[in-house]
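Enquirer: If it helps, the file is called protein_1.cif and holds mmCIF, C-alpha atoms:
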data_query
loop_
_atom_site.label_atom_id
_atom_site.label_comp_id
_atom_site.auth_asym_id
_atom_site.auth_seq_id
_atom_site.Cartn_x
_atom_site.Cartn_y
_atom_site.Cartn_z
CA MET A 24 -29.69 -23.59 -20.20
CA MET A 25 -29.74 -23.95 -16.43
CA LYS A 26 -31.92 -21.97 -14.11
CA MET A 27 -28.93 -20.24 -12.55
CA ASP A 28 -28.10 -18.87 -15.97
CA ASP A 29 -31.39 -17.00 -16.01
CA ARG A 30 -30.36 -15.07 -12.93
CA LEU A 31 -26.98 -14.27 -14.44
CA LEU A 32 -28.66 -13.12 -17.61
CA VAL A 33 -30.96 -10.90 -15.59
CA GLN A 34 -27.93 -9.42 -13.83
CA GLN A 35 -26.31 -8.72 -17.16
CA CYS A 36 -29.50 -7.13 -18.46
CA LEU A 37 -29.48 -4.83 -15.46
CA LYS A 38 -25.93 -3.88 -16.38
CA GLY A 39 -27.17 -2.80 -19.78
CA SER A 40 -26.58 -5.95 -21.81
CA LYS A 41 -29.10 -6.13 -24.64
CA ASN A 42 -27.67 -9.47 -25.72
CA ALA A 43 -28.50 -11.00 -22.35
CA PHE A 44 -32.14 -10.06 -22.76
CA GLU A 45 -32.15 -11.44 -26.29
CA LEU A 46 -30.95 -14.75 -24.85
CA LEU A 47 -33.83 -14.75 -22.38
CA LEU A 48 -36.14 -13.89 -25.24
CA ASP A 49 -34.76 -16.79 -27.31
CA LYS A 50 -35.33 -19.14 -24.45
CA TYR A 51 -38.81 -18.09 -23.41
CA HIS A 52 -40.67 -16.28 -26.16
CA LYS A 53 -42.11 -19.48 -27.70
CA ILE A 54 -43.12 -20.79 -24.29
CA ILE A 55 -44.90 -17.57 -23.42
CA PHE A 56 -46.47 -17.43 -26.84
CA ASN A 57 -47.83 -20.97 -26.40
CA LEU A 58 -49.09 -20.17 -22.93
CA ALA A 59 -50.87 -17.09 -24.25
CA TYR A 60 -52.19 -19.00 -27.22
CA ARG A 61 -53.64 -21.75 -25.04
CA MET A 62 -55.20 -19.09 -22.86
CA THR A 63 -56.68 -16.99 -25.65
CA GLY A 64 -57.00 -19.40 -28.53
CA GLN A 65 -55.86 -16.68 -30.95
CA SER A 66 -52.33 -16.52 -32.34
CA ASP A 67 -52.51 -12.77 -33.05
CA ASP A 68 -53.66 -12.07 -29.54
CA ALA A 69 -51.02 -14.45 -28.21
CA GLU A 70 -48.30 -12.53 -30.06
CA ASP A 71 -49.57 -9.23 -28.70
CA ILE A 72 -49.63 -10.65 -25.20
CA THR A 73 -46.15 -12.13 -25.63
CA GLN A 74 -44.82 -8.76 -26.72
CA THR A 75 -46.45 -6.99 -23.79
CA VAL A 76 -45.17 -9.62 -21.37
CA PHE A 77 -41.55 -9.12 -22.44
CA ILE A 78 -41.81 -5.35 -22.43
CA LYS A 79 -43.19 -5.47 -18.89
CA THR A 80 -40.62 -8.05 -17.87
CA TYR A 81 -37.80 -5.84 -19.06
CA ASP A 82 -39.25 -2.77 -17.36
CA LYS A 83 -39.62 -4.64 -14.07
CA LEU A 84 -36.31 -6.53 -14.22
CA ASP A 85 -34.86 -4.43 -11.43
CA SER A 86 -37.67 -5.58 -9.14
CA PHE A 87 -37.04 -9.27 -9.84
CA ASP A 88 -36.11 -11.13 -6.67
CA PRO A 89 -33.32 -13.62 -7.52
CA LYS A 90 -34.38 -15.95 -4.74
CA TYR A 91 -37.28 -16.98 -7.01
CA GLN A 92 -37.07 -18.72 -10.35
CA PHE A 93 -37.03 -16.35 -13.28
CA TYR A 94 -39.42 -18.50 -15.35
CA SER A 95 -41.88 -18.59 -12.47
CA TRP A 96 -41.82 -14.79 -12.36
CA LEU A 97 -42.15 -14.62 -16.14
CA TYR A 98 -45.09 -17.03 -16.19
CA ARG A 99 -46.82 -14.96 -13.57
CA ILE A 100 -46.57 -11.86 -15.73
CA ALA A 101 -47.78 -13.88 -18.72
CA VAL A 102 -50.73 -15.37 -16.80
CA ASN A 103 -51.79 -11.99 -15.45
CA GLU A 104 -51.47 -10.42 -18.87
CA SER A 105 -53.52 -13.22 -20.46
CA LEU A 106 -56.23 -13.03 -17.81
CA ASN A 107 -56.38 -9.24 -18.15
CA PHE A 108 -56.66 -9.63 -21.89
CA LEU A 109 -59.52 -12.10 -21.59
CA LYS A 110 -61.29 -9.94 -19.05
CA ALA A 111 -61.06 -6.92 -21.32
CA LYS A 112 -62.15 -8.91 -24.36
CA ARG A 113 -65.14 -10.41 -22.63
CA LYS A 114 -66.55 -6.95 -22.17
CA TYR A 115 -66.92 -6.54 -25.90
CA GLU A 116 -67.79 -9.93 -27.27
CA GLU A 117 -69.11 -13.27 -26.33
CA LEU A 118 -66.98 -16.28 -26.92
CA ASP A 119 -67.96 -17.64 -30.34
CA SER A 120 -67.10 -20.80 -32.13
CA ASP A 121 -64.31 -19.15 -34.06
CA MET A 122 -62.60 -18.18 -30.88
CA ILE A 123 -63.03 -21.61 -29.40
CA THR A 124 -61.45 -23.24 -32.40
CA GLY A 125 -58.67 -20.75 -32.42
CA GLY A 126 -59.09 -18.56 -35.52
CA LYS A 127 -56.05 -19.99 -37.19
CA ASN A 128 -53.79 -18.66 -39.88
CA PRO A 129 -52.76 -20.93 -42.77
CA GLU A 130 -49.39 -21.66 -41.25
CA GLU A 131 -50.99 -22.85 -38.04
CA CYS A 132 -53.43 -25.03 -40.00
CA CYS A 133 -50.49 -26.81 -41.53
CA LEU A 134 -48.83 -27.31 -38.18
CA ASP A 135 -51.90 -28.29 -36.20
CA ASN A 136 -53.67 -31.55 -36.47
CA GLU A 137 -57.25 -32.45 -35.80
CA LEU A 138 -56.53 -33.64 -32.30
CA GLY A 139 -54.71 -30.44 -31.47
CA LEU A 140 -57.70 -28.37 -32.53
CA ARG A 141 -60.07 -30.45 -30.48
CA ILE A 142 -57.88 -30.26 -27.42
CA GLN A 143 -57.54 -26.50 -27.74
CA ALA A 144 -61.29 -26.19 -28.18
CA ALA A 145 -61.83 -28.22 -25.02
CA ILE A 146 -59.31 -26.15 -23.09
CA MET A 147 -61.03 -22.97 -24.19
CA GLU A 148 -64.24 -24.20 -22.62
CA LEU A 149 -62.61 -24.16 -19.21
CA ASP A 150 -62.86 -21.12 -17.01
CA PRO A 151 -59.54 -19.22 -17.33
CA ARG A 152 -58.66 -19.79 -13.68
CA TYR A 153 -58.82 -23.59 -14.32
CA ARG A 154 -57.35 -23.31 -17.78
CA ILE A 155 -54.16 -21.77 -16.45
CA LEU A 156 -53.71 -24.68 -14.02
CA ILE A 157 -53.90 -27.17 -16.88
CA LEU A 158 -51.42 -25.14 -18.94
CA LEU A 159 -48.86 -24.78 -16.18
CA ASN A 160 -49.13 -28.33 -14.96
CA HIS A 161 -49.54 -30.33 -18.15
CA PHE A 162 -47.83 -28.12 -20.72
CA ARG A 163 -45.08 -26.60 -18.57
CA ASN A 164 -44.71 -29.46 -16.08
CA CYS A 165 -44.75 -27.05 -13.17
CA SER A 166 -45.00 -28.55 -9.70
CA TYR A 167 -47.73 -27.54 -7.26
CA LYS A 168 -45.23 -25.34 -5.48
CA GLU A 169 -44.11 -23.61 -8.67
CA ILE A 170 -47.71 -23.03 -9.71
CA ALA A 171 -48.47 -21.66 -6.25
CA GLN A 172 -45.56 -19.20 -6.59
CA THR A 173 -46.54 -18.24 -10.10
CA LEU A 174 -50.19 -17.63 -9.30
CA ASP A 175 -49.53 -16.44 -5.78
CA ILE A 176 -52.04 -18.83 -4.29
CA PRO A 177 -51.64 -21.54 -1.61
CA GLU A 178 -50.50 -24.99 -2.71
CA ARG A 179 -53.70 -26.62 -1.44
CA THR A 180 -55.69 -24.25 -3.67
CA VAL A 181 -53.49 -25.29 -6.59
CA LYS A 182 -54.26 -28.93 -5.89
CA SER A 183 -58.01 -28.51 -5.56
CA ARG A 184 -58.27 -26.30 -8.64
CA LEU A 185 -56.08 -28.61 -10.68
CA TYR A 186 -58.12 -31.65 -9.73
CA THR A 187 -61.32 -29.81 -10.60
CA ALA A 188 -59.81 -28.61 -13.91
CA ARG A 189 -58.89 -32.18 -14.88
CA GLN A 190 -62.35 -33.47 -14.01
CA LEU A 191 -63.97 -30.67 -16.04
CA LEU A 192 -61.67 -31.27 -18.98
CA LYS A 193 -62.33 -35.00 -18.81
CA ASP A 194 -66.07 -34.28 -18.95
CA ILE A 195 -65.57 -31.97 -21.94
CA PHE A 196 -63.55 -34.61 -23.78
CA LEU A 197 -66.20 -37.21 -23.04
CA LYS A 198 -68.96 -34.87 -24.15
CA LYS A 199 -67.18 -34.09 -27.41
CA GLY A 200 -66.35 -37.73 -27.94
CA MET B 7 -66.25 -42.70 -4.05
CA LYS B 8 -63.91 -41.61 -1.36
CA THR B 9 -62.17 -38.30 -1.89
CA LYS B 10 -58.87 -39.75 -0.71
CA TYR B 11 -58.85 -42.17 -3.69
CA LEU B 12 -59.61 -39.33 -6.06
CA GLU B 13 -56.59 -37.48 -4.68
CA LEU B 14 -54.46 -40.58 -5.17
CA ILE B 15 -55.50 -40.73 -8.84
CA HIS B 16 -54.32 -37.13 -9.35
CA LYS B 17 -51.11 -37.84 -7.48
CA GLU B 18 -50.56 -40.79 -9.79
CA ILE B 19 -51.07 -38.56 -12.84
CA ASP B 20 -48.62 -36.03 -11.38
CA GLY B 21 -46.09 -38.81 -10.69
CA ILE B 22 -45.86 -38.09 -7.00
CA ILE B 23 -47.70 -41.09 -5.68
CA THR B 24 -45.77 -43.29 -3.24
CA PRO B 25 -45.61 -47.08 -3.72
CA ALA B 26 -47.81 -47.58 -0.67
CA GLU B 27 -50.39 -45.13 -2.00
CA LYS B 28 -50.27 -46.76 -5.42
CA LYS B 29 -50.94 -50.18 -3.92
CA LYS B 30 -53.78 -48.75 -1.89
CA LEU B 31 -55.29 -47.16 -5.00
CA GLU B 32 -54.98 -50.36 -7.02
CA ASN B 33 -56.67 -52.36 -4.27
CA ALA B 34 -59.51 -49.87 -4.08
CA ALA B 35 -59.91 -49.75 -7.86
CA ARG B 36 -60.21 -53.53 -8.03
CA LYS B 37 -63.19 -53.38 -5.72
CA ASP B 38 -64.80 -50.24 -7.21
CA PRO B 39 -65.59 -50.18 -10.98
CA ASP B 40 -66.52 -46.49 -10.83
CA LEU B 41 -63.13 -45.66 -9.38
CA THR B 42 -61.47 -47.74 -12.07
CA ARG B 43 -63.41 -45.93 -14.79
CA LEU B 44 -62.58 -42.51 -13.35
CA GLN B 45 -58.95 -43.47 -13.03
CA LYS B 46 -58.90 -44.48 -16.67
CA GLU B 47 -60.70 -41.34 -17.90
CA LEU B 48 -58.38 -39.01 -15.98
CA ARG B 49 -55.31 -40.90 -17.19
CA ASN B 50 -56.64 -40.56 -20.76
CA THR B 51 -57.21 -36.84 -20.27
CA ALA B 52 -53.61 -36.42 -19.13
CA GLU B 53 -52.40 -38.48 -22.09
CA ILE B 54 -54.45 -36.41 -24.51
CA LEU B 55 -52.94 -33.19 -23.13
CA LYS B 56 -49.48 -34.58 -23.88
CA GLN B 57 -50.40 -34.66 -27.55
CA VAL B 58 -51.00 -30.96 -27.83
CA PRO B 59 -48.57 -29.67 -30.47
CA VAL B 60 -46.23 -26.80 -29.75
CA MET B 61 -47.36 -23.71 -31.64
CA GLU B 62 -44.85 -21.65 -33.58
CA PRO B 63 -45.17 -17.88 -33.39
CA SER B 64 -44.55 -15.79 -36.48
CA PRO B 65 -40.82 -15.61 -37.32
CA ASN B 66 -40.65 -11.86 -36.74
CA LEU B 67 -42.14 -11.95 -33.23
CA LYS B 68 -38.74 -11.77 -31.55
CA LYS B 69 -37.72 -8.81 -33.73
CA LYS B 70 -40.99 -7.06 -32.96
CA ILE B 71 -40.41 -7.50 -29.25
CA ILE B 72 -36.82 -6.26 -29.40
CA HIS B 73 -37.87 -3.19 -31.35
CA ALA B 74 -40.62 -2.47 -28.88
CA ILE B 75 -38.29 -2.45 -25.85
CA ASP B 76 -36.49 0.67 -24.71
CA PHE B 77 -33.07 -0.75 -23.86
CA SER B 78 -31.78 2.58 -22.56
CA ARG B 79 -33.43 1.81 -19.23
CA TYR B 80 -30.44 -0.24 -18.08
CA SER B 81 -27.88 1.25 -20.43
CA PRO B 82 -24.17 0.67 -19.68
CA ARG B 83 -23.80 4.37 -18.96
CA SER B 84 -26.25 4.25 -16.10
CA GLU B 85 -24.40 1.23 -14.81
CA GLY B 86 -21.07 3.08 -15.00
CA ASP B 87 -22.56 6.06 -13.28
CA ASP B 88 -24.11 3.92 -10.60
CA TRP B 89 -21.40 4.58 -8.01
CA LEU B 90 -21.33 8.20 -9.04
CA SER B 91 -25.06 8.58 -8.64
CA LYS B 92 -24.86 6.94 -5.23
CA ILE B 93 -22.22 9.45 -4.12
CA THR B 94 -24.21 12.28 -5.67
CA ASN B 95 -27.35 11.17 -3.88
CA TRP B 96 -25.45 10.97 -0.63
CA ILE B 97 -23.86 14.38 -1.09
CA THR B 98 -27.13 16.02 -1.98
CA THR B 99 -28.87 14.72 1.12
CA PRO B 100 -30.53 17.85 2.55
CA ARG B 101 -29.50 17.16 6.14
CA LEU B 102 -25.83 17.20 5.13
CA ARG B 103 -25.93 20.47 3.22
CA LEU B 104 -25.33 22.65 6.31
CA ALA B 105 -22.28 20.55 7.19
CA TYR B 106 -20.98 20.98 3.65
CA ALA B 107 -21.51 24.74 3.85
CA VAL B 108 -19.58 24.99 7.13
CA GLY B 109 -16.81 22.77 5.79
CA ALA B 110 -16.57 24.72 2.57
CA GLY B 111 -16.38 27.98 4.54
CA MET B 112 -13.55 26.66 6.69
CA VAL B 113 -11.59 25.45 3.68
CA MET B 114 -12.07 28.76 1.91
CA GLY B 115 -10.94 30.63 5.02
CA ILE B 116 -7.77 28.57 5.23
CA VAL B 117 -7.04 29.12 1.54
CA ILE B 118 -7.52 32.88 1.82
CA SER B 119 -5.35 32.98 4.96
CA LEU B 120 -2.58 31.11 3.20
CA LEU B 121 -2.78 33.47 0.24
CA LEU B 122 -2.68 36.59 2.39
CA ILE B 123 -0.20 35.71 5.15
CA GLY B 124 1.50 32.64 3.78
CA ASN B 125 1.77 29.26 5.31
CA PRO B 126 1.72 29.68 9.10
CA PHE B 127 3.31 26.27 9.51
CA SER B 128 6.35 27.17 7.47
CA ASN B 129 9.62 27.99 9.28
CA GLN B 130 10.75 30.29 6.49
CA PRO B 131 11.54 33.79 7.80
CA ILE B 132 9.19 36.47 6.61
CA PRO B 133 10.98 38.93 4.29
CA ILE B 134 11.48 42.29 5.99
CA SER B 135 9.85 43.99 3.01
CA GLU B 136 6.60 42.28 3.88
CA LEU B 137 6.52 43.67 7.42
CA TYR B 138 4.35 46.65 7.87
CA GLY B 139 2.10 48.06 10.52
CA THR B 140 2.53 49.92 13.81
CA ILE B 141 4.63 49.04 16.81
CA GLY B 142 3.20 50.69 19.85
CA ILE B 143 5.59 52.81 22.00
CA ASN B 144 4.57 54.29 25.30
CA GLU B 145 4.57 58.11 25.42
CA ASN B 146 4.77 58.31 21.68
CA ASN B 147 5.15 62.03 21.43
CA PHE B 148 6.81 62.18 18.06
CA GLN B 149 5.98 65.44 16.46
CA THR B 150 7.12 67.77 13.74
CA LEU B 151 7.76 71.12 15.33
CA LYS B 152 8.73 73.25 12.36
CA GLU B 153 8.99 72.99 8.59
CA LEU B 154 11.11 75.54 6.72
CA THR B 155 11.18 75.96 3.01
CA ILE B 156 14.50 77.33 1.79
CA ASP B 157 14.25 79.21 -1.46
CA LEU B 158 17.19 81.54 -1.70
CA GLU B 159 19.51 82.47 -4.49
CA GLY B 160 21.95 79.65 -4.75
CA ILE B 161 20.32 77.46 -2.09
CA GLN B 162 16.97 75.63 -2.15
CA GLY B 163 15.34 72.88 -0.19
CA ALA B 164 13.70 72.23 3.17
CA ILE B 165 14.67 71.89 6.81
CA VAL B 166 12.25 70.16 9.20
CA LEU B 167 12.58 70.10 12.98
CA ASN B 168 11.24 66.95 14.69
CA SER B 169 11.05 65.94 18.32
CA PHE B 170 10.64 62.56 20.00
CA GLN B 171 10.97 61.96 23.73
CA ASP B 172 14.41 63.37 24.72
CA MET B 173 15.63 63.86 21.17
CA VAL B 174 15.31 66.60 18.63
CA TRP B 175 16.65 66.48 15.12
CA PHE B 176 16.71 68.47 11.96
CA GLU B 177 16.14 66.80 8.70
CA VAL B 178 18.15 68.83 6.27
CA ASN B 179 17.51 68.40 2.58
CA ILE B 180 18.96 71.24 0.57
CA GLU B 181 20.93 71.84 -2.58
CA THR B 182 23.40 74.61 -3.10
CA ASN B 183 25.27 75.96 -6.10
CA GLN B 184 28.35 76.70 -4.03
CA SER B 185 29.87 75.61 -0.78
CA SER B 186 27.73 76.66 2.17
CA GLU B 187 27.70 76.22 5.90
CA ILE B 188 24.85 75.18 8.17
CA GLN B 189 25.24 76.40 11.74
CA PHE B 190 23.26 75.38 14.83
CA THR B 191 23.68 77.51 17.95
CA TYR B 192 22.11 76.42 21.23
CA ASP B 193 22.25 76.51 25.02
CA GLU B 194 24.63 73.78 26.09
CA GLN B 195 22.84 73.53 29.44
CA LEU B 196 19.70 72.47 27.69
CA ILE B 197 20.89 70.59 24.65
CA SER B 198 23.85 68.58 23.44
CA PHE B 199 24.81 67.56 19.92
CA ILE B 200 24.63 63.80 19.13
CA GLY B 201 25.80 63.65 15.54
CA LEU B 202 25.00 63.77 11.87
CA ARG B 203 23.33 60.85 10.13
CA PRO B 204 23.92 61.50 6.46
CA ILE B 205 21.38 60.21 3.93
CA ALA B 206 22.87 61.82 0.84
CA TRP B 207 25.54 64.11 2.05
CA GLY B 208 28.59 64.51 -0.10
CA LYS B 209 31.76 65.11 1.83
CA THR B 210 30.99 65.44 5.54
CA VAL B 211 32.88 68.25 7.20
CA MET B 212 31.77 69.13 10.66
CA GLU B 213 33.00 71.45 13.37
CA THR B 214 31.60 71.46 16.88
CA ASN B 215 32.18 73.37 20.06
CA GLN B 216 30.25 73.65 23.28
CA ASN B 217 27.23 75.51 21.94
CA MET B 218 27.59 75.36 18.17
CA VAL B 219 27.74 72.84 15.34
CA LYS B 220 28.96 73.80 11.85
CA LEU B 221 28.29 71.51 8.90
CA LEU B 222 29.78 72.07 5.49
CA CYS B 223 27.31 71.59 2.66
CA ASP B 224 28.55 71.17 -0.87
CA ARG B 225 25.93 70.83 -3.65
CA GLN B 226 23.62 68.28 -1.99
CA CYS B 227 23.07 67.86 1.71
CA HIS B 228 20.49 65.39 2.95
CA GLY B 229 20.73 63.99 6.45
CA LEU B 230 19.62 64.10 10.05
CA VAL B 231 21.34 66.40 12.60
CA LEU B 232 20.50 64.94 16.02
CA PHE B 233 20.51 66.57 19.46
CA HIS B 234 19.73 65.35 22.94
CA LYS B 235 17.74 67.56 25.18
CA SER B 236 18.36 67.40 28.90
CA SER B 237 14.91 68.53 29.77
CA GLU B 238 11.67 69.08 28.00
CA ASN B 239 12.86 72.52 27.07
CA PHE B 240 15.65 72.88 24.52
CA TYR B 241 14.87 76.41 23.32
CA PRO B 242 16.14 78.71 22.12
CA LEU B 243 18.05 77.20 19.17
CA THR B 244 19.23 79.09 16.14
CA LEU B 245 19.74 77.75 12.62
CA SER B 246 21.88 79.78 10.17
CA LEU B 247 22.90 79.26 6.57
CA VAL B 248 26.19 80.90 5.60
CA GLN B 249 27.69 81.41 2.20
CA SER B 250 31.01 83.10 1.62
CA GLU B 251 31.13 83.97 5.33
CA ARG B 252 27.85 85.79 4.96
CA VAL B 253 24.70 84.70 6.79
CA ILE B 254 22.02 84.46 4.16
CA PHE B 255 19.37 82.82 6.30
CA THR B 256 18.73 82.50 9.99
CA GLN B 257 15.90 81.05 12.04
CA GLN B 258 15.52 81.04 15.78
CA PHE B 259 13.33 78.41 17.35
CA LEU B 260 11.51 79.59 20.42
CA LYS B 261 9.18 77.74 22.69
CA GLY B 262 5.61 78.55 21.88
CA GLU B 263 6.13 78.90 18.17
#
When written as structure tokens, how does the structure in this file appear?

Expert:
Amino acid sequence: MMKMDDRLLVQQCLKGSKNAFELLLDKYHKIIFNLAYRMTGQSDDAEDITQTVFIKTYDKLDSFDPKYQFYSWLYRIAVNESLNFLKAKRKYEELDSDMITGGKNPEECCLDNELGLRIQAAIMELDPRYRILILLNHFRNCSYKEIAQTLDIPERTVKSRLYTARQLLKDIFLKKG
Amino acid sequence: MKTKYLELIHKEIDGIITPAEKKKLENAARKDPDLTRLQKELRNTAEILKQVPVMEPSPNLKKKIIHAIDFSRYSPRSEGDDWLSKITNWITTPRLRLAYAVGAGMVMGIVISLLLIGNPFSNQPIPISELYGTIGINENNFQTLKELTIDLEGIQGAIVLNSFQDMVWFEVNIETNQSSEIQFTYDEQLISFIGLRPIAWGKTVMETNQNMVKLLCDRQCHGLVLFHKSSENFYPLTLSLVQSERVIFTQQFLKGE
């Protein structure tokens, strides 16, 4: 589906089309779930975040500016929601090993491999503000500009944080062998 | 290690390095083993990240989300009413309410006027039955001077004497059970007979001479007997009712009565 289609779907949503929103949901709910999962390391939390993200997205659809990319706007909501979730969670518990490894359900265990678990564990060791850079750049292939729009930060900040995030992740991988 | 080479490594990973930059980086890496090692480690890190599997959410996540959303927010009805709500919002703007009130008052006034007096722009003549009111006449001195009730055997009714400007007239409205005669006697210097205007007067038989008018009355006599007065004063004038050559009623009108 092309990017222009997202804007048309948004227009149709604003005209009351439930089907149009379901199409957007089809297209993006797995992506947002994965983003949330890589941010939180918990599939249950990721599902909750995904649900909240789409509810908020629908509620704010009339404030969406079509001159921007819809996915960029959606990611921004997802990133903010994930960061808010982590902030709230940190108040109540320290990150433990279960969280780092992802607290997986049986289905996920079947789907994941050893490497996947190790990568996720390494990602979880990053500070969230670096983690999100890795997710957007390496998992979503977002350009510096797109990341800057999504996170509402200057492009040069994107670059410097991304470079730092890669260095940190490299060190974590090396440390964990 | 120079920062500019570090930046070139990241640009290479992101696929945005130019050929010139790439050559520059390769030349630098050949001379600097640390740079080569870092380049390799960062490339490996990027390669590792590519191997991260895509996670599958639970199959009912989409359903859960759909059920959690209130789709009435942008319902088709609100879309259909959009233009209506815009008009409504515009109409209900407080600063326009006074203008609406004035406009509504004017429209209502026009409607009421049309209902009461008809369309003023129409060329249709107004029916005479719809004309009423007062037409002003200078020196309007119309007055009733005398009212007589006639209640005699064989003759009943009323005779009223009216005056207006230089005219006087009797309105006679009597009924008789036999042929009768109404006589008016007057001073010919002061008054002259104009005529009888019958309203419901059977057969009109009239006899006049210089100072007298005789009117035959058979059963019903209703009409106006008109005189012209040459001056303000027309008195004296005598009214007589005669039956079978016998005066059964007489009335003299004198000034000051």

Enquirer: For chain B, work out the contacting residues on chain A at 7 Å, counting all atoms listed in the file, and write them as a PDB file with C-alpha atoms, in the coordinates of the input.

Expert:
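And here's selection-v6.pdb as it stands now:
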ATOM      1  CA  CYS A  36     -29.500  -7.130 -18.460  1.00  0.00           C
ATOM      2  CA  LEU A  37     -29.480  -4.830 -15.460  1.00  0.00           C
ATOM      3  CA  LYS A  38     -25.930  -3.880 -16.380  1.00  0.00           C
ATOM      4  CA  GLY A  39     -27.170  -2.800 -19.780  1.00  0.00           C
ATOM      5  CA  LYS A  41     -29.100  -6.130 -24.640  1.00  0.00           C
ATOM      6  CA  LYS A  53     -42.110 -19.480 -27.700  1.00  0.00           C
ATOM      7  CA  PHE A  56     -46.470 -17.430 -26.840  1.00  0.00           C
ATOM      8  CA  ASN A  57     -47.830 -20.970 -26.400  1.00  0.00           C
ATOM      9  CA  GLU A  70     -48.300 -12.530 -30.060  1.00  0.00           C
ATOM     10  CA  GLN A  74     -44.820  -8.760 -26.720  1.00  0.00           C
ATOM     11  CA  ILE A  78     -41.810  -5.350 -22.430  1.00  0.00           C
ATOM     12  CA  ASP A 135     -51.900 -28.290 -36.200  1.00  0.00           C
ATOM     13  CA  GLY A 139     -54.710 -30.440 -31.470  1.00  0.00           C
ATOM     14  CA  ILE A 142     -57.880 -30.260 -27.420  1.00  0.00           C
ATOM     15  CA  HIS A 161     -49.540 -30.330 -18.150  1.00  0.00           C
ATOM     16  CA  TYR A 186     -58.120 -31.650  -9.730  1.00  0.00           C
ATOM     17  CA  ARG A 189     -58.890 -32.180 -14.880  1.00  0.00           C
ATOM     18  CA  LYS A 193     -62.330 -35.000 -18.810  1.00  0.00           C
TER      19      LYS A 193
END

Enquirer: For Val231 of chain B, please output as a CSV table (one decimal) with C-alpha atoms, keeping the file's coordinate frame all residues within 8 Å (counting all atoms listed in the file; exclusion window: fewer than 2 positions along the same chain).

Expert:
chain,number,residue,atom,x,y,z
B,175,TRP,CA,16.6,66.5,15.1
B,176,PHE,CA,16.7,68.5,12.0
B,177,GLU,CA,16.1,66.8,8.7
B,178,VAL,CA,18.2,68.8,6.3
B,200,ILE,CA,24.6,63.8,19.1
B,201,GLY,CA,25.8,63.6,15.5
B,202,LEU,CA,25.0,63.8,11.9
B,203,ARG,CA,23.3,60.8,10.1
B,229,GLY,CA,20.7,64.0,6.4
B,233,PHE,CA,20.5,66.6,19.5

Enquirer: Could you expand the PyMOL selection byres ((chain A and resi 31) around 12) into the explicit residues it covers here, written as a list in words?

Expert: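 When the PyMOL selection byres ((chain A and resi 31) around 12) is applied, the selected residues are Met24, Met25, Lys26, Met27, Asp28, Asp29, Arg30, Leu32, Val33, Gln34, Gln35, Cys36, Leu37, Lys38, Ser40, Ala43, Phe44, Leu46, Leu47, Pro89, Gln92 and Phe93 of chain A.
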
Enquirer: Interatomic distance between atom CA of Phe170 of chain B and atom CA of Leu260 of chain B?

Expert: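 Between these atoms lies a distance of 17.1 Å.
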
Enquirer: Of the residues B:Ala34, B:Cys227, B:Met112, B:Leu232, which is the one nearest to Leu167 of chain B, using all atoms listed in the file?

Expert: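 Among B:Ala34, B:Cys227, B:Met112, B:Leu232, it is B:Leu232 that comes nearest to Leu167 of chain B.
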
Enquirer: Please expand the PyMOL selection byres ((chain A and resi 96-103) around 8) into the concrete residues it hits in this file, giving the result as a PyMOL selection string.

Expert: chain A and resi 55+58-59+72-73+76+79-80+87+91-95+104-107+155+173-174

Enquirer: Which residue is closest to Ile254 of chain B? Choose from B:Ile161, B:Ile197, B:Val117, B:Ala35 and count all atoms listed in the file.

Expert: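 Nearest to Ile254 of chain B: B:Ile161.
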
Enquirer: Which residue out of A:Lys83, A:Ile195, A:Leu48, A:Tyr167 has the minimum interatomic distance to Thr180 of chain A when all atoms listed in the file are used?

Expert: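 Comparing A:Lys83, A:Ile195, A:Leu48, A:Tyr167 against Thr180 of chain A, the winner is A:Tyr167.
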
Enquirer: Quick one: residues within 10 Å of Ser169 of chain B, only C-alpha atoms counted, chain neighbours fewer than 4 positions away excluded, as a PyMOL selection string?

Expert: chain B and resi 147-152+173-176+232-235

Enquirer: For a test of reading the model, state the distance in Å between atom CA of Ser185 of chain B and atom CA of Ser250 of chain B, rounded to one decimal.

Expert: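 Atom-to-atom, atom CA of Ser185 of chain B to atom CA of Ser250 of chain B, that is 7.9 Å.
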
Enquirer: How would you write as JSON, numbers by chain the residues that get within 12 Å of (30.2, 74.1, 25.6) in the file's frame, counting all atoms listed in the file?

Expert: {"B": [191, 192, 193, 194, 195, 196, 197, 198, 199, 214, 215, 216, 217, 218, 219]}

Enquirer: If you measure from atom CA of Leu156 of chain A to atom CA of Gln143 of chain A, what distance in Å do you get, rounded to one decimal?

Expert: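 About the pair atom CA of Leu156 of chain A and atom CA of Gln143 of chain A: they are 14.4 Å apart.
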
Enquirer: Quick check on the file I pasted: which residues fall under the PyMOL selection byres ((chain A and resi 152) around 12)? Write them as JSON, numbers by chain.

Expert: {"A": [62, 102, 103, 105, 106, 107, 109, 110, 146, 147, 148, 149, 150, 151, 153, 154, 155, 156, 157, 158, 159, 174, 176, 180, 181, 183, 184, 185, 187, 188]}

Enquirer: Pull the neighbourhood of (28.6, 63.7, -1.9) for me: all residues within 10 Å in file coordinates, counting all atoms listed in the file, as a ChimeraX atom specification.

Expert: /B:204-210,223-228
